[in-house]
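J.: Got a structure here, written out as structure tokens. Questions coming.
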Amino acid sequence: MRAEQAELITRIGPGTPCGAVLRRYWQPVALLDEFDPRLDPSMARRPVKAVRVLAQDLVLFRDARGDWGLLDRACPHRGADLSFGRHEGDGLRCPFHGWKFDVAGRCLETPAEPAGSPLCNSVRQRSYPVIERSGIVFAWLGEPGSTPPPFPEFDCFAAPSSHTFAFKGLWNCNWLQAFEVGIDPAHPSFLHRFLQDEPLEAIGDNPAGKQFRSASAGAFGGERWPMTRIMREFHSPEISCESRPWGLQLTALRRMTAELTHVRITQAIFPHTFVIPLSETLTITQMHLPVDDTHTYWYSVFTSFAGPVDKEAMREQRLRFTELPDYLPKSGRHNRWGFNPDEQLTRTFLGMGEDDINVHDQWAIESMGAIQDRTREHLGMSDRVIIANRRLLLKAIETVQAGGTPPGVADAAQAHAMRGPDTVDGIAPAQTWADWWQERARAKRTGAPWAAEPASAK
Ligand code: FES
Ligand SMILES: [Fe+2]
């Protein structure tokens, strides 16, 4: 790809064409957990957090009534950092000269001014709409004065809190290369390959910490197969993608025998979210929030279509690999992502551990450099989705520049289409895999205590 095009699709700061596209969508800005005093005791007294989103410095806080405020961080007086502000219940007071702002950005006091000064009335700090969904605080950073779109009702947001768990982590690289791993159906056969299989019984009822260790739906010769074995033994999938109201639906077919085909259906929700199956009843929806051009927070929501999830256990499992309060991974470039050459010879294809496969993806995208040099790559058939997604993004940039609406931004009429979308991983009859997976998806939905029929199953 040409250097100018690569620049166009990676830079997201204020005023950039791609930044204008991303500002048309609700963006995750914090986990509710970050404001939980059990995880961060300072939050009991002072629920205030500096956040950086799309290369903008903001401050997120909660007032005494529990209302969220998300404001530009630079004080409108002379620019000091409001994330150091004094939390006074009804607002945040800048420590430099005492100006005070409420959650809507209204200036309540300018105490250094003469009594009766009207200065407050002419000052307004920019504030951004905020909404809570599935353990995540989302914000809308669209043009001032424009209206946010309806919030999509994807499964991970429609499921009750008892059936979802959210977590996040920082990656030191550009958002697009982070997203391009998740929508790459070829990589699990290699990057996440385990050289030996664990017995399926060892997975128990906690598939959340055992990605690709769970069984595929269906059977092969009467036997259930872990996903990882199929990925390992059939490593050259036929990959295709189709346009959907929310973005792209991805199909990866692994022809096992003349009678059986492994089908993996995953979803790319434009502009930076994927949905993949973890087991027959658990999915991960992962968003890739650009912090700035060279840092990305991934936000994952685990969604159960069966029983409630054990949030405490899932959190504990992930905190083993993460530093609070900023959700920094313990492994990274500084320790060569935990690379172990002996493990690479005997246990895994990559050699970076078996318990936290997230670090595999982290290595893949961080080792490319903060912004991958896309002028030097050589794309093949297995990169079709990457190519299709870049085209979609380039087109969305053109559309927004021409004053239009990019994919998946729902208006009231379209909001109903922003549901589902379905994912499957299973061994299907070779001739009828297309009907088979839809039937499995329907059965999963019918069996869920909460799920509604998606608007477009096809
Ligand atoms: S800079 Fe904030 S009150 Fe002066
Ligand atoms: Fe991966």
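In the structure tokens, chains take the letters A, B, ... in the order shown, each chain's residues start at 1, and ligands count up from 1 in the order shown.
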Show me which residues line ligand 2, defined as having an atom within 6 Å of a ligand atom where only C-alpha atoms and all ligand atoms count, and present them as a list in words.
T.: Gly182, Pro188 and Asp361 of chain A
J.: Give the strand (DSSP E or B) residues of range 216-309 of chain A, as DSSP finds them on the backbone, and put them as a PyMOL selection string.
T.: chain A and resi 217+220+223+226+238-244+247-255+260-269+273-277+282-292+295-304
J.: If you count only C-alpha atoms, which residues fall within 7 Å of Leu82 in chain A, apart from same-chain ones fewer than 6 positions away, as a ChimeraX atom specification?
T.: /A:59,73-75,94
J.: Could you turn the residues from that selection into a file that holds N, CA, C and O atoms, as a tab-separated table (two decimals), in the first residue's frame?
T.:
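part.tsv, written as the output of this step:
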```
chain	number	residue	atom	x	y	z
A	59	VAL	N	-10.67	14.41	31.17
A	59	VAL	CA	-10.78	13.95	32.56
A	59	VAL	C	-12.18	13.36	32.75
A	59	VAL	O	-13.18	13.96	32.35
A	73	ARG	N	-9.38	18.23	29.35
A	73	ARG	CA	-8.58	18.26	30.57
A	73	ARG	C	-7.95	19.63	30.85
A	73	ARG	O	-7.72	19.99	31.99
A	74	ALA	N	-7.64	20.38	29.81
A	74	ALA	CA	-6.98	21.67	30.02
A	74	ALA	C	-8.00	22.69	30.53
A	74	ALA	O	-9.03	22.95	29.89
A	75	CYS	N	-7.73	23.24	31.71
A	75	CYS	CA	-8.65	24.22	32.31
A	75	CYS	C	-8.85	25.40	31.35
A	75	CYS	O	-7.88	25.92	30.79
A	94	CYS	N	-10.34	23.43	39.80
A	94	CYS	CA	-8.95	23.53	39.34
A	94	CYS	C	-8.10	24.08	40.48
A	94	CYS	O	-8.41	25.13	41.05
```
J.: Ala3 in chain A: which residues within 10 Å, counting only C-alpha atoms, same-chain residues fewer than 3 positions away excluded, as a list in words?
T.: Ala6, Glu7, Leu8, Asp373, Arg374, Thr375 and Arg376 of chain A
J.: Please, which residues in range 169-199 of chain A fall within 9 Å of range 245-255 of chain A when counting only C-alpha atoms, and what is the closest atom pair and distance in Å to one decimal for each, ordered by chain then residue number, as CSV?
T.:
```
residue,atom,partner,partner_atom,distance
A:Ile183,CA,A:Leu250,CA,7.9
A:Pro185,CA,A:Ala252,CA,6.4
A:Ala186,CA,A:Ala252,CA,8.1
```
J.: Using only C-alpha atoms and all ligand atoms, which residues have at least one atom no more than 8 Å from ligand 1? Output them as an MDAnalysis selection string.
T.: chainID A and resid 74:82 93:100 110
J.: Go through range 90-305 of chain A and collect every residue that DSSP, computed from the backbone, puts in helix (DSSP H, G or I); the answer should be as a VMD selection string.
T.: chain A and resid 119 to 122 155 to 158 161 to 163 175 to 182 187 to 189 200 to 203 207 to 209 227 to 233
J.: In Å, with one decimal, what is the gap from CA of Gly135 in chain A to CA of Pro290 in chain A?
T.: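 Spanning CA of Gly135 in chain A to CA of Pro290 in chain A is a straight-line distance of 19.1 Å.
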J.: Find the residue from A:Gly85, A:Tyr25, A:Lys395, A:Ala215 that sits nearest to Val424 in chain A; use only C-alpha atoms when measuring.
T.: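 Distance minimum relative to Val424 in chain A lands on A:Ala215.
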J.: Which residue is closest to Ile9 in chain A? Choose from A:Ser214, A:Glu88, A:Val21, A:Met256 and count only C-alpha atoms.
T.: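 The answer is A:Val21, which sits nearest to Ile9 in chain A.
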J.: For Met368 in chain A, which residue among A:Cys173, A:Ile265, A:Ala441, A:Ala413 is the nearest when counting only C-alpha atoms?
T.: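 Selected residue with least distance to Met368 in chain A: A:Cys173.
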J.: Can you pull out the residues contacting Asp72 in chain A? Cut-off 7 Å, using only C-alpha atoms, and skip same-chain residues under 4 positions away; I want them as a list in words.
T.: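 Using only C-alpha atoms, the neighbours found are Asp57, Leu58, Val59, Gln125, Arg126 and Ser127 of chain A.
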J.: Can you pull out the residues contacting range 447-453 of chain A? Cut-off 7 Å, using only C-alpha atoms, and skip same-chain residues under 5 positions away; I want them as number ranges by chain.
T.: A: 159, 305-306
J.: Put those residues in a file: all heavy atoms, as an mmCIF file, in the first residue's frame.
T.:
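Dumped to out35.cif:
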```cif
data_model
loop_
_atom_site.group_PDB
_atom_site.id
_atom_site.type_symbol
_atom_site.label_atom_id
_atom_site.label_comp_id
_atom_site.auth_asym_id
_atom_site.auth_seq_id
_atom_site.Cartn_x
_atom_site.Cartn_y
_atom_site.Cartn_z
ATOM 1 N N ALA A 159 -26.921 -8.336 26.701
ATOM 2 C CA ALA A 159 -26.897 -9.335 27.775
ATOM 3 C C ALA A 159 -26.891 -8.632 29.137
ATOM 4 O O ALA A 159 -26.314 -7.554 29.272
ATOM 5 C CB ALA A 159 -25.657 -10.205 27.639
ATOM 6 N N PHE A 305 -23.923 -17.098 26.707
ATOM 7 C CA PHE A 305 -25.255 -17.451 26.211
ATOM 8 C C PHE A 305 -25.839 -18.598 27.036
ATOM 9 O O PHE A 305 -26.870 -19.149 26.683
ATOM 10 C CB PHE A 305 -25.194 -17.868 24.739
ATOM 11 C CG PHE A 305 -24.953 -16.713 23.801
ATOM 12 C CD1 PHE A 305 -23.716 -16.099 23.729
ATOM 13 C CD2 PHE A 305 -25.984 -16.226 22.998
ATOM 14 C CE1 PHE A 305 -23.498 -15.025 22.868
ATOM 15 C CE2 PHE A 305 -25.783 -15.164 22.137
ATOM 16 C CZ PHE A 305 -24.533 -14.560 22.069
ATOM 17 N N ALA A 306 -25.140 -18.967 28.126
ATOM 18 C CA ALA A 306 -25.659 -20.028 28.998
ATOM 19 C C ALA A 306 -25.852 -19.429 30.388
ATOM 20 O O ALA A 306 -26.596 -18.479 30.548
ATOM 21 C CB ALA A 306 -24.699 -21.203 28.994
#
```
J.: Go through A:Ile357, A:Leu71, A:Leu282, A:Ala443 one by one, measure the shortest atom-to-atom distance of each to Arg106 in chain A using only C-alpha atoms, and give the residue with the smallest value.
T.: A:Leu71
